[in-house]
Structure formats: C-alpha cells, structure tokens
Amino acid sequence: MNPQHNEIPESGITEGGTKGAFRDVLAKDHARRGKPPVHLVDMDKDQRIERAAALGLPKFRVNQLANHYFSHFDVDAEGFSDFPASMRHEAAQNFFPTLIEEVTRQVADEGTTVKTLWKLFDGARIESVLMRYPTRTTLCISSQVGCGMGCPFCATGQLGLTRNMSTGEILEQVRVAAKAMRDGEVAGGPGRLSNVVFMGMGEPMGNYRSVMSAVRQISSLPPEGFGISARNITVSTVGVVPGIKKLTAEGIPVRLAVSLHAPSDELRDELVPMNKRFNTTQVLDAAHDYYLASKKRVSIEYALMRDINDQAEHARLLAKRLNHYGDDWAHVNPIPLNPIEGSRWTASKPEDEQQFLDILHRAGITATLRDTRGQDIDGACGQLAAKAKTLS
Ligand code: SF4
C-alpha cells in the first residue's frame with residue numbers, strides 16, 4: 001500500500017466536468033457506513049509487522065500468517081499448530097476478521113458454475129461467480145457494492161453505488177474460491193483457480209487503489225500473493241479513461257476489457273452514461289495505448305441488444321473504428337444480453353448475432369460470442385445485482 005494514497009479519500013465518485021459532466025449514480029443507502037475491519041491483505045508489510053509487534057509477536061509470525069492465507073487459503077488461526085496457542089485468538093481477530101459471509105449459493109451447468117451471494121460487515125450484498133471449464137477455472141468478482149455508472153440495461157446499474165469494497169473484501173472472494181477448487185467442492189474434482197476477472201458488481205476503475213492492491217496480491221507468488229499469473233487477470237472498465245491510463249503506467253501485464261456496447265457517441269451516450277464524460281474516441285485511444293504498452297490484446301465487450309446496437313450498420317462501424325488503429329490489437333466479445341425482467345432491453349435474435357459476428361470477421365477482426373455461463377442463475381454480466389437487490 002502506498003502511504004501517500006492513504007491521504008487521498010477515494011469514494012468512487014467521479015469528479016464532474018463543467019460540460020457533459022458525469023457523476024456516479026448513488027444508491028439510496030449510499031452513506032458513510034464505516035470501514036470494513038482491517039485484514040492482513042489491507043496492510044502493507046510494515047503495517048503488518050507493526051500490528052504484530054503491538055501484540056508482542058515477532059516479525060516471522062507475520063510471514064507465517066501470510067503463508068497460511070496465500071499458500072493454504074486458511075484463515076482459521078485458532079487451529080494454526082505452528083502458532084503459539086495463547087496468541088491464536090489475537091492473531092485471528094487482528095489479521096483475519098470475517099469480511100464476507102455466504103448468504104446463498106446457486107449452482108448451474110451441472111455443478112461447474114457456482115454463484116455465491118455474500119453479505120459484508122455492514123449487511124451489504126455482493127456476488128461472485130465461479131466458472132469451471134475443461135482447461136481453466138475463472139472467478140468473476142465484485143469490486144464495489146452496486147455500481148454508479150448507471151447503464152440503463154444493466155441490473156447492477158439500477159442499484160447505484162453504495163460503496164467501494166476494501167482489498168480484503170475483494171480478495172476474500174478469491175481465497176474462498178481457490179480453497180473450494182483445491183478441496184474439490186466444485187464439480188469435476190480438486191483443481192486450481194486459474195483466472196480472475198473483475199467483471200462482477202462495480203466499476204473497478206472507480207475503486208482503483210483497492211483493485212490494484214488486490215491485483216498485486218492475486219498475482220504475486222506465495223507468501224505475498226496467490227500466485228495467479230497477472231496474464232490471467234482481467235480488469236474491466238466501462239471507459240474511465242484516467243483509470244486506463246493509470247493502469248497502462250503500472251506496467252502489470254493484466255488483460256484490459258473495455259465495455260464499449262456501441263460504436264458511435266450518439267448511441268453510446270444513451271447506453272453508457274459515462275460516454276458523456278469520456279467519449280468513444282477517448283476510450284478507444286486509451287485502450288489502444290494500453291495495447292501498445294502491454295502488447296496484450298484488449299477485449300472489447302459489446303452487449304448485443306435487440307434492434308438497438310446489433311444491426312449490420314453497427315457491426316460495420318465498430319469494425320471501422322477498431323481497424324482505424326491497425327490490425328489485431330483488439331478482440332471483440334459480443335455478449336448476448338441477459339435481459340432484466342420487464343425492461344425494454346432485450347437479447348438479440350440469433351440471426352442478428354451471427355450477422356454481427358460475420359461482419360466483424362470479414363473485416364479481419366477476431367470476435368467470439370461470449371459464453372453466458374450461469375444464465376439460468378442470473379450469473380452473467382449485468383445481472384449480478386438482481387438477487388442481491390431482492391435480498392437486501
Ligand atoms: S454495465 Fe457495468 S458499468 Fe454499466 S452499470 Fe452495469 S456494472 Fe456498472
């Protein structure tokens with residue numbers, strides 16, 4: 001943790017401009033809710049050592065705790081046999097407070113998709129989805145409670161932003177999933193969590209500091225992190241350009257996913273309110289700069305909505321806009337929209353989806369229809385909030 005950052009309050013609220021300003025849409029219950037308890041992963045090395053010293057624990061005990069957490073996914077300090085019995089309770093309280101509690105778990109796709117609804121310390125609810133494939137297992141995690149970007153077709157967007165999540169709250173989703181995989185709790189037997197995508201609830205760039213601290217600790221090798229390669233981590237954004245630029249400067253080889261959803265400003269202004277702040281040219285420029293710096297293809301996410309953005313003219317314009325920057329720098333993921341019940345946004349017809357893909361392919365752009373795993377449990381993107389809303 002950069003100590004300088006401690007002085008900058010990060011609310012997730014985007015500064016407004018003078019013209020066409022965008023501000024986060026706040027949830028009704030957006031308020032100072034206090035901070036989540038501080039967890040081992042919320043502290044940098046010095047802070048951990050300091051806290052341990054205050055308990056009378058020498059430095060090497062901090063490494064032991066980190067090793068339990070990152071190598072063994074274990075937070076049950078009361079059972080740490082390598083720890084002095086008299087200190088186990090103190091260690092548990094000071095380093096491993098309970099940050100997420102399972103409320104419900106839904107399983108689909110013959111047990112290979114698991115969606116979990118979590119309750120946070122203040123009663124807020126967030127969700128994560130684990131998806132097991134033959135060659136990889138991906139966890140989709142949340143980084144904010146709700147989302148302030150206000151996209152009208154998205155269930156999470158309807159909630160508004162309640163608050164940012166702490167690094168501990170973000171990483172606990174990863175630890176629990178990694179443990180479940182190791183212990184064979186997901187259909188298919190014991191395995192390894194290999195990929196993490198920040199595509200659950202929230203706009204990761206709106207909670208930049210905690211998200212980056214989480215990224216570092218997901219990708220560092222144990223005992224500093226879970227050892228999941230940064231190349232297997234995807235950070236998504238709806239187009240918060242300053243966030244993309246900061247990420248570019250970090251030089252961490254994560255994959256960047258940009259939710260574009262429309263090829264023109266006219267249409268995107270309607271689908272993604274943030275476009276009024278950072279338009280398609282600014283977003284694509286920043287995304288292409290990320291590609292140049294990282295040499296990693298950028299994913300362009302595009303939720304296909306019937307008769308709104310899924311026609312041939314949209315595909316042609318999208319292809320033109322992407323090809324403007326050169327070949328093979330972006331990969332388009334058209335996503336069949338999971339419609340929110342009762343909304344006017346609905347999924348494309350299969351023939352329109354196919355036509356959209358064909359036009360991109362003919363223009364030399366790689367594009368694959370994104371898998372909508374978990375659709376039968378509302379676990380696909382843009383739908384993560386539906387159940388949380390009814391339960392909170
Ligand atoms: S689509 Fe993404 S950015 Fe837009 S409201 Fe939903 S979660 Fe937020």
# chains A, B, ... in the order shown; residues from 1 in each chain; ligands from 1

$ select_by_dssp --residues "stretch 42-235 of chain A" --states "strand (DSSP E)" --output "PyMOL selection string"
chain A and resi 101-108+113-119+125-132+137-140+144-147+160-164+195-198+233-235

$ residues_near_ligand --ligand "ligand 1" --cutoff "9 Å" --atoms "only C-alpha atoms and all ligand atoms" --output "compact mmCIF listing (two decimals) with N, CA and C atoms, in the first residue's frame"
# COMPACT_ATOMS: atom_id res chain seq x y z
N GLY A 146 -22.86 -2.44 -5.61
CA GLY A 146 -23.61 -1.71 -6.63
C GLY A 146 -22.64 -1.13 -7.64
N CYS A 147 -23.13 -0.23 -8.47
CA CYS A 147 -22.27 0.43 -9.45
C CYS A 147 -22.88 1.78 -9.75
N GLY A 148 -22.02 2.78 -9.88
CA GLY A 148 -22.52 4.13 -10.06
C GLY A 148 -22.58 4.59 -11.50
N MET A 149 -22.36 3.67 -12.44
CA MET A 149 -22.24 4.10 -13.84
C MET A 149 -23.60 4.23 -14.54
N GLY A 150 -24.61 3.66 -13.95
CA GLY A 150 -25.97 3.92 -14.41
C GLY A 150 -26.35 3.43 -15.79
N CYS A 151 -25.70 2.39 -16.31
CA CYS A 151 -26.08 1.88 -17.64
C CYS A 151 -27.51 1.34 -17.53
N PRO A 152 -28.40 1.81 -18.38
CA PRO A 152 -29.81 1.50 -18.18
C PRO A 152 -30.21 0.05 -18.42
N PHE A 153 -29.36 -0.70 -19.15
CA PHE A 153 -29.72 -2.09 -19.46
C PHE A 153 -29.19 -3.07 -18.42
N CYS A 154 -28.50 -2.57 -17.41
CA CYS A 154 -27.76 -3.44 -16.50
C CYS A 154 -28.40 -3.46 -15.12
N ALA A 155 -28.57 -4.69 -14.60
CA ALA A 155 -29.22 -4.84 -13.29
C ALA A 155 -28.41 -4.17 -12.19
N THR A 156 -27.09 -4.31 -12.26
CA THR A 156 -26.25 -3.68 -11.23
C THR A 156 -26.38 -2.17 -11.28
N GLY A 157 -26.43 -1.66 -12.51
CA GLY A 157 -26.54 -0.22 -12.69
C GLY A 157 -27.80 0.36 -12.08
N GLN A 158 -28.82 -0.48 -11.97
CA GLN A 158 -30.08 0.02 -11.40
C GLN A 158 -29.94 0.27 -9.89
N LEU A 159 -28.96 -0.34 -9.29
CA LEU A 159 -28.79 -0.19 -7.83
C LEU A 159 -28.14 1.12 -7.44
N GLY A 160 -27.30 1.66 -8.33
CA GLY A 160 -26.48 2.80 -7.93
C GLY A 160 -25.32 2.30 -7.07
N LEU A 161 -24.42 3.21 -6.77
CA LEU A 161 -23.24 2.84 -5.97
C LEU A 161 -23.53 2.99 -4.49
N MET A 199 -15.27 -8.47 -13.27
CA MET A 199 -16.43 -8.17 -14.10
C MET A 199 -17.73 -8.39 -13.35
N GLY A 200 -17.62 -8.49 -12.03
CA GLY A 200 -18.82 -8.63 -11.23
C GLY A 200 -19.43 -7.27 -10.98
N MET A 201 -19.94 -7.09 -9.78
CA MET A 201 -20.55 -5.80 -9.47
C MET A 201 -19.50 -4.70 -9.42
N GLY A 202 -19.84 -3.56 -10.03
CA GLY A 202 -18.99 -2.39 -9.84
C GLY A 202 -18.11 -2.04 -11.02
N GLU A 203 -17.58 -0.84 -10.98
CA GLU A 203 -16.63 -0.35 -11.97
C GLU A 203 -15.25 -0.36 -11.31
N PRO A 204 -14.40 -1.32 -11.69
CA PRO A 204 -13.11 -1.44 -11.00
C PRO A 204 -12.30 -0.14 -10.94
N SER A 236 -11.79 -4.94 -16.00
CA SER A 236 -12.72 -4.36 -16.97
C SER A 236 -13.03 -2.93 -16.59
N THR A 237 -13.45 -2.18 -17.57
CA THR A 237 -13.90 -0.81 -17.31
C THR A 237 -14.94 -0.42 -18.34
N VAL A 238 -15.80 0.46 -17.94
CA VAL A 238 -16.82 0.94 -18.86
C VAL A 238 -16.25 2.11 -19.69
N GLY A 239 -15.00 2.46 -19.39
CA GLY A 239 -14.35 3.51 -20.18
C GLY A 239 -13.93 4.70 -19.33
N SER A 259 -15.81 -2.13 -21.87
CA SER A 259 -17.21 -2.35 -22.25
C SER A 259 -17.64 -1.21 -23.15
N LEU A 271 -26.57 4.44 -24.05
CA LEU A 271 -26.41 3.14 -23.38
C LEU A 271 -25.46 3.20 -22.19
N VAL A 272 -24.46 4.06 -22.31
CA VAL A 272 -23.43 4.14 -21.27
C VAL A 272 -23.26 5.61 -20.89
N PRO A 273 -23.91 6.06 -19.83
CA PRO A 273 -23.87 7.48 -19.50
C PRO A 273 -22.44 8.04 -19.35
N MET A 274 -21.50 7.20 -18.96
CA MET A 274 -20.11 7.65 -18.81
C MET A 274 -19.54 8.19 -20.13
N ALA A 303 -22.39 -5.79 -25.39
CA ALA A 303 -23.64 -6.49 -25.08
C ALA A 303 -24.63 -6.24 -26.21
N CYS A 381 -22.86 -11.33 -16.76
CA CYS A 381 -22.60 -9.91 -16.50
C CYS A 381 -23.85 -9.06 -16.65
N GLY A 382 -23.95 -8.07 -15.82
CA GLY A 382 -25.09 -7.18 -15.86
C GLY A 382 -26.28 -7.71 -15.09
N GLN A 383 -26.16 -8.94 -14.60
CA GLN A 383 -27.30 -9.50 -13.87
C GLN A 383 -26.95 -9.84 -12.44
N LEU A 384 -25.71 -9.54 -12.10
CA LEU A 384 -25.27 -9.96 -10.78
C LEU A 384 -26.07 -9.34 -9.66
N ALA A 385 -26.68 -8.20 -9.93
CA ALA A 385 -27.33 -7.49 -8.84
C ALA A 385 -28.75 -7.95 -8.57

$ residues_around --residues "A:Tyr302" --least-positions-apart "6" --cutoff "7 Å" --atoms "only C-alpha atoms" --output "ChimeraX atom specification"
/A:259-261,333-335

$ atom_distance --atom1 "atom CA of A:Asp44" --atom2 "atom CA of A:Gln173"
19.6 Å

$ residues_around --residues "A:His288" --least-positions-apart "6" --cutoff "12 Å" --atoms "only C-alpha atoms" --output "PyMOL selection string"
chain A and resi 241+244-245+248+256-258+280-282+294-300+321-331

$ write_last_selection --atoms "C-alpha atoms" --output "CSV table (one decimal), in the first residue's frame"
chain,number,residue,atom,x,y,z
A,241,VAL,CA,-10.1,6.9,-19.3
A,244,ILE,CA,-7.0,3.1,-18.2
A,245,LYS,CA,-4.1,5.5,-18.3
A,248,THR,CA,-1.1,1.5,-18.5
A,256,LEU,CA,-7.9,-5.0,-20.1
A,257,ALA,CA,-11.5,-5.3,-21.1
A,258,VAL,CA,-13.4,-2.3,-22.2
A,280,THR,CA,-15.7,6.6,-27.8
A,281,THR,CA,-12.6,8.3,-29.3
A,282,GLN,CA,-11.0,8.9,-25.9
A,294,SER,CA,1.4,-4.0,-22.8
A,295,LYS,CA,1.4,-5.8,-26.2
A,296,LYS,CA,-1.7,-7.5,-24.9
A,297,ARG,CA,-4.8,-7.6,-27.0
A,298,VAL,CA,-7.6,-5.5,-25.5
A,299,SER,CA,-11.0,-7.1,-25.1
A,300,ILE,CA,-13.9,-5.1,-26.4
A,321,ARG,CA,-13.4,2.2,-35.7
A,322,LEU,CA,-11.2,-0.6,-34.5
A,323,ASN,CA,-9.4,-1.0,-37.8
A,324,HIS,CA,-8.6,2.6,-37.7
A,325,TYR,CA,-5.9,1.8,-35.1
A,326,GLY,CA,-4.4,-1.1,-37.1
A,327,ASP,CA,-4.8,-4.9,-37.1
A,328,ASP,CA,-5.1,-7.4,-34.4
A,329,TRP,CA,-5.0,-5.2,-31.4
A,330,ALA,CA,-8.5,-5.8,-30.1
A,331,HIS,CA,-10.6,-8.9,-29.6

$ closest_residue --among "A:Ser71, A:Asn279, A:Thr104, A:Gln64" --to "A:Arg88" --atoms "only C-alpha atoms"
A:Gln64

$ residues_around --residues "A:Leu317" --least-positions-apart "6" --cutoff "10 Å" --atoms "only C-alpha atoms" --output "PyMOL selection string"
chain A and resi 262-264+323+360

$ residues_around --residues "A:Val145" --least-positions-apart "4" --cutoff "8 Å" --atoms "only C-alpha atoms" --output "PDB file with C-alpha atoms, in the first residue's frame"
ATOM      1  CA  ALA A 124     -24.298  -5.004   2.045  1.00  0.00           C
ATOM      2  CA  ARG A 125     -24.550  -7.800  -0.505  1.00  0.00           C
ATOM      3  CA  ILE A 126     -22.246  -8.624  -3.377  1.00  0.00           C
ATOM      4  CA  LEU A 161     -23.240   2.838  -5.973  1.00  0.00           C
ATOM      5  CA  THR A 162     -23.434   2.028  -2.288  1.00  0.00           C
ATOM      6  CA  ARG A 163     -19.727   1.912  -1.524  1.00  0.00           C
ATOM      7  CA  ASN A 164     -16.311   0.728  -2.566  1.00  0.00           C
ATOM      8  CA  MET A 165     -15.086  -2.604  -1.298  1.00  0.00           C
ATOM      9  CA  MET A 201     -20.548  -5.800  -9.470  1.00  0.00           C
ATOM     10  CA  GLY A 202     -18.987  -2.390  -9.843  1.00  0.00           C
TER      11      GLY A 202
END

$ closest_atom_pairs --of "stretch 259-335 of chain A" --to "stretch 342-354 of chain A" --cutoff "8 Å" --atoms "only C-alpha atoms" --output "JSON lines"
{"residue": "A:Leu304", "atom": "CA", "partner": "A:Ser348", "partner_atom": "CA", "distance": 5.9}
{"residue": "A:Met305", "atom": "CA", "partner": "A:Ala347", "partner_atom": "CA", "distance": 5.1}
{"residue": "A:Arg306", "atom": "CA", "partner": "A:Ser348", "partner_atom": "CA", "distance": 4.0}
{"residue": "A:Asp307", "atom": "CA", "partner": "A:Ser348", "partner_atom": "CA", "distance": 7.2}
{"residue": "A:Asp310", "atom": "CA", "partner": "A:Asp352", "partner_atom": "CA", "distance": 6.5}
{"residue": "A:Gln311", "atom": "CA", "partner": "A:Asp352", "partner_atom": "CA", "distance": 6.6}

$ write_last_selection --atoms "C-alpha atoms" --output "PDB file, in the first residue's frame"
ATOM      1  CA  LEU A 304     -25.927  -7.183 -28.019  1.00  0.00           C
ATOM      2  CA  MET A 305     -29.346  -5.585 -27.570  1.00  0.00           C
ATOM      3  CA  ARG A 306     -32.118  -6.322 -29.985  1.00  0.00           C
ATOM      4  CA  ASP A 307     -32.607  -3.642 -32.637  1.00  0.00           C
ATOM      5  CA  ASP A 310     -26.983  -5.254 -33.049  1.00  0.00           C
ATOM      6  CA  GLN A 311     -27.618  -4.352 -36.667  1.00  0.00           C
TER       7      GLN A 311
END

$ residues_around --residues "A:Asp183" --least-positions-apart "5" --cutoff "12 Å" --atoms "only C-alpha atoms" --output "list in words"
His72, Phe73, Asp74, Val176, Ala177, Ala178, Gly188, Gly189, Pro190, Gly191, Arg192 and Leu193 of chain A

$ closest_residue --among "A:Pro253, A:Pro134, A:Pro339, A:Pro37" --to "A:Gln93" --atoms "only C-alpha atoms"
A:Pro37

$ closest_atom_pairs --of "stretch 140-182 of chain A" --to "stretch 226-231 of chain A" --cutoff "10 Å" --atoms "only C-alpha atoms" --output "Markdown table"
| residue | atom | partner | partner_atom | distance |
| --- | --- | --- | --- | --- |
| A:Leu171 | CA | A:Phe226 | CA | 9.6 |
| A:Val174 | CA | A:Phe226 | CA | 8.7 |
| A:Arg175 | CA | A:Phe226 | CA | 8.1 |
| A:Ala178 | CA | A:Phe226 | CA | 8.8 |

$ write_last_selection --atoms "N, CA and C atoms" --output "mmCIF file, in the first residue's frame"
data_model
loop_
_atom_site.group_PDB
_atom_site.id
_atom_site.type_symbol
_atom_site.label_atom_id
_atom_site.label_comp_id
_atom_site.auth_asym_id
_atom_site.auth_seq_id
_atom_site.Cartn_x
_atom_site.Cartn_y
_atom_site.Cartn_z
ATOM 1 N N LEU A 171 -10.353 -9.654 -2.000
ATOM 2 C CA LEU A 171 -9.506 -10.852 -2.018
ATOM 3 C C LEU A 171 -10.152 -12.058 -1.344
ATOM 4 N N VAL A 174 -11.639 -14.343 -3.704
ATOM 5 C CA VAL A 174 -10.652 -15.173 -4.409
ATOM 6 C C VAL A 174 -10.198 -16.331 -3.520
ATOM 7 N N ARG A 175 -9.895 -16.012 -2.272
ATOM 8 C CA ARG A 175 -9.405 -17.072 -1.367
ATOM 9 C C ARG A 175 -10.431 -18.196 -1.233
ATOM 10 N N ALA A 178 -10.560 -20.242 -4.401
ATOM 11 C CA ALA A 178 -9.343 -21.052 -4.586
ATOM 12 C C ALA A 178 -9.390 -22.269 -3.656
#

$ closest_residue --among "A:Ala52, A:Val75, A:Ile170, A:Ala286" --to "A:Gln144" --atoms "only C-alpha atoms"
A:Ile170

$ closest_residue --among "A:Leu247, A:Val103, A:Cys140, A:Val197" --to "A:Arg209" --atoms "only C-alpha atoms"
A:Leu247

$ atom_distance --atom1 "atom CA of A:Ile340" --atom2 "atom CA of A:Ala27"
18.4 Å

$ closest_residue --among "A:Asn63, A:Arg48, A:Ala287, A:Gly111" --to "A:Gly184" --atoms "only C-alpha atoms"
A:Gly111

$ closest_residue --among "A:Gly168, A:Pro242, A:Gly206, A:Gly79" --to "A:Val38" --atoms "only C-alpha atoms"
A:Gly168

$ atom_distance --atom1 "atom CA of A:Asp265" --atom2 "atom CA of A:Phe356"
19.0 Å
